[in-house]
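S.K.: Could you have a look at this structure, given as structure tokens, before my questions?
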2 protein chains.
Amino acid sequence: MLNKPSQLDLTFQALADPTRRAMVERLSMGAASVGELARPLAMSLPAVMQHLAVLEGAGLVMSEKIGRVRTCRIAPGALRGVEAWIGARRAEWEMRLDRLGDYLNENKEGGDGNGASE
Amino acid sequence: MLNKPSQLDLTFQALADPTRRAMVERLSMGAASVGELARPLAMSLPAVMQHLAVLEGAGLVMSEKIGRVRTCRIAPGALRGVEAWIGARRAEWEMRLDRLGDYLNENKEGGDGNGASE
DNA sequence: TGTACACTTAAGCTATTGCTTATCTATCTG
DNA sequence: CAGATAGATAAGCAATAGCTTAAGTGTACA
């Protein structure tokens, strides 16, 4: 039951929350402290820290504490995994459509004019 | 408290589960019935149906029932929203790196040879 | 030193998730 | 019609998510 989540699970899960996406959006325009990150969000600071922990756990965000302020930034290659997965699905999907196109072309001359789906 | 989730929330949330991603992977290679979808998954059929409902709710999958078998397929443009969001983040991020590059270049002649991060 | 600031940790509470089993409801098919 | 098939619905349950408030822990600065 305690099957540990994959990297992809963590990333998608992290991005599924609008607050966390807002944080990523903020950070993709430049580094920010926890306080700066929290200011526009209508929730307590501990809540923001928990979101931050999720983002770090997913490898989307890195942070470093200097003095008493923790500075957060987007992790390099953060979205690579998600992009790869989506790309792969797209590739399969388009390949399939190509094969369907080939099939339709091959059967065009002489076939019945049926617009069959699949 | 019952703030309705956005399309993007639903999509990321749907893809955050490995079972649901497996279903999408299966479907991106071709349409399948609920039973076919369920067979390789180590869980009850109702569980699969619930996952299917999530995928449909997110607009990732469509299905149509004919006779007693429901056939599922990937919804066209399913991943467009996610791709757009990721693309936007990437764009901002790269723009920011460009500006940093400009800054470093402008300060290269005469500056100290520091390989500063940020 | 004292006090404010910027986080951190801990505990607790509700709603949602991801299952389960049990019980239908429609199709087929012999 | 009597099964068997393919799926649908309902109820329930343990675990997790997303908050909250209250009470720390270090830093900074006068």
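Identifiers in the structure tokens: chain A, B, ... in order shown; residue index from 1 per chain; ligand index from 1 in order shown.
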For the contact check between chain C and chain B, emit one row per residue of chain C within 10 Å, containing the shortest atom pair and the distance in Å rounded to one decimal, counting only C-alpha atoms (C1' of nucleotides), chain then rising number order, as JSON lines.
M.R.:
```
{"residue": "C:DA15", "atom": "C1'", "partner": "B:Met1", "partner_atom": "CA", "distance": 9.5}
{"residue": "C:DG18", "atom": "C1'", "partner": "B:Ala47", "partner_atom": "CA", "distance": 7.6}
{"residue": "C:DC19", "atom": "C1'", "partner": "B:Ala47", "partner_atom": "CA", "distance": 6.5}
{"residue": "C:DT20", "atom": "C1'", "partner": "B:Ser44", "partner_atom": "CA", "distance": 8.1}
{"residue": "C:DT21", "atom": "C1'", "partner": "B:Ser44", "partner_atom": "CA", "distance": 9.9}
{"residue": "C:DA26", "atom": "C1'", "partner": "B:Arg68", "partner_atom": "CA", "distance": 7.2}
{"residue": "C:DT27", "atom": "C1'", "partner": "B:Arg68", "partner_atom": "CA", "distance": 5.3}
{"residue": "C:DC28", "atom": "C1'", "partner": "B:Arg68", "partner_atom": "CA", "distance": 8.2}
```
S.K.: Could you superimpose chain A onto chain B using all C-alpha atoms, paired one by one in order, and tell me the resulting RMSD in Å?
M.R.: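 Once chain A is overlaid on chain B, the RMSD is 0.5 Å.
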S.K.: Can you check which residues of chain D have any atom within 10 Å of chain B? Use only C-alpha atoms (C1' of nucleotides) and format it as a list of chain:residue names.
M.R.: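 Written out as asked, the residues are D:DT5, D:DA6, D:DG7, D:DA8, D:DT9.
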S.K.: Restricting it to C-alpha atoms (C1' of nucleotides), dump the selection as a compact mmCIF listing (two decimals), in the first residue's frame.
M.R.:
```txt
# COMPACT_ATOMS: atom_id res chain seq x y z
C1' DT D 5 -21.25 -10.95 -20.60
C1' DA D 6 -20.00 -6.18 -20.11
C1' DG D 7 -20.61 -2.69 -17.67
C1' DA D 8 -22.88 0.65 -13.89
C1' DT D 9 -24.21 2.17 -9.31
```
S.K.: Quick one: which chain A residues come within 6 Å of chain B, and what is the nearest atom pair for each with the distance in Å to one decimal, counting only C-alpha atoms, rows ordered by chain and ascending number, as a tab-separated table?
M.R.:
```
residue	atom	partner	partner_atom	distance
A:Asp9	CA	B:Ala16	CA	4.9
A:Phe12	CA	B:Ala16	CA	4.6
A:Gln13	CA	B:Ala16	CA	4.8
A:Ala16	CA	B:Phe12	CA	4.6
A:Ser28	CA	B:Trp93	CA	5.3
A:Trp93	CA	B:Ser28	CA	5.2
```
S.K.: Could you pull out the strand (DSSP E or B) residues of range 18-64 of chain A, going by DSSP on the backbone, and write them as a PyMOL selection string?
M.R.: chain A and resi 32-33+61-64
S.K.: Report, in Å with one decimal, the straight-line distance from CA of Leu60 in chain B to CA of Ala75 in chain B.
M.R.: 5.3 Å
S.K.: Nearest to DC13 in chain D: which of C:DG12, C:DT29, C:DG2, C:DT17 is it, counting only C-alpha atoms (C1' of nucleotides)?
M.R.: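 Closest residue, counting only C-alpha atoms (C1' of nucleotides): C:DT17.
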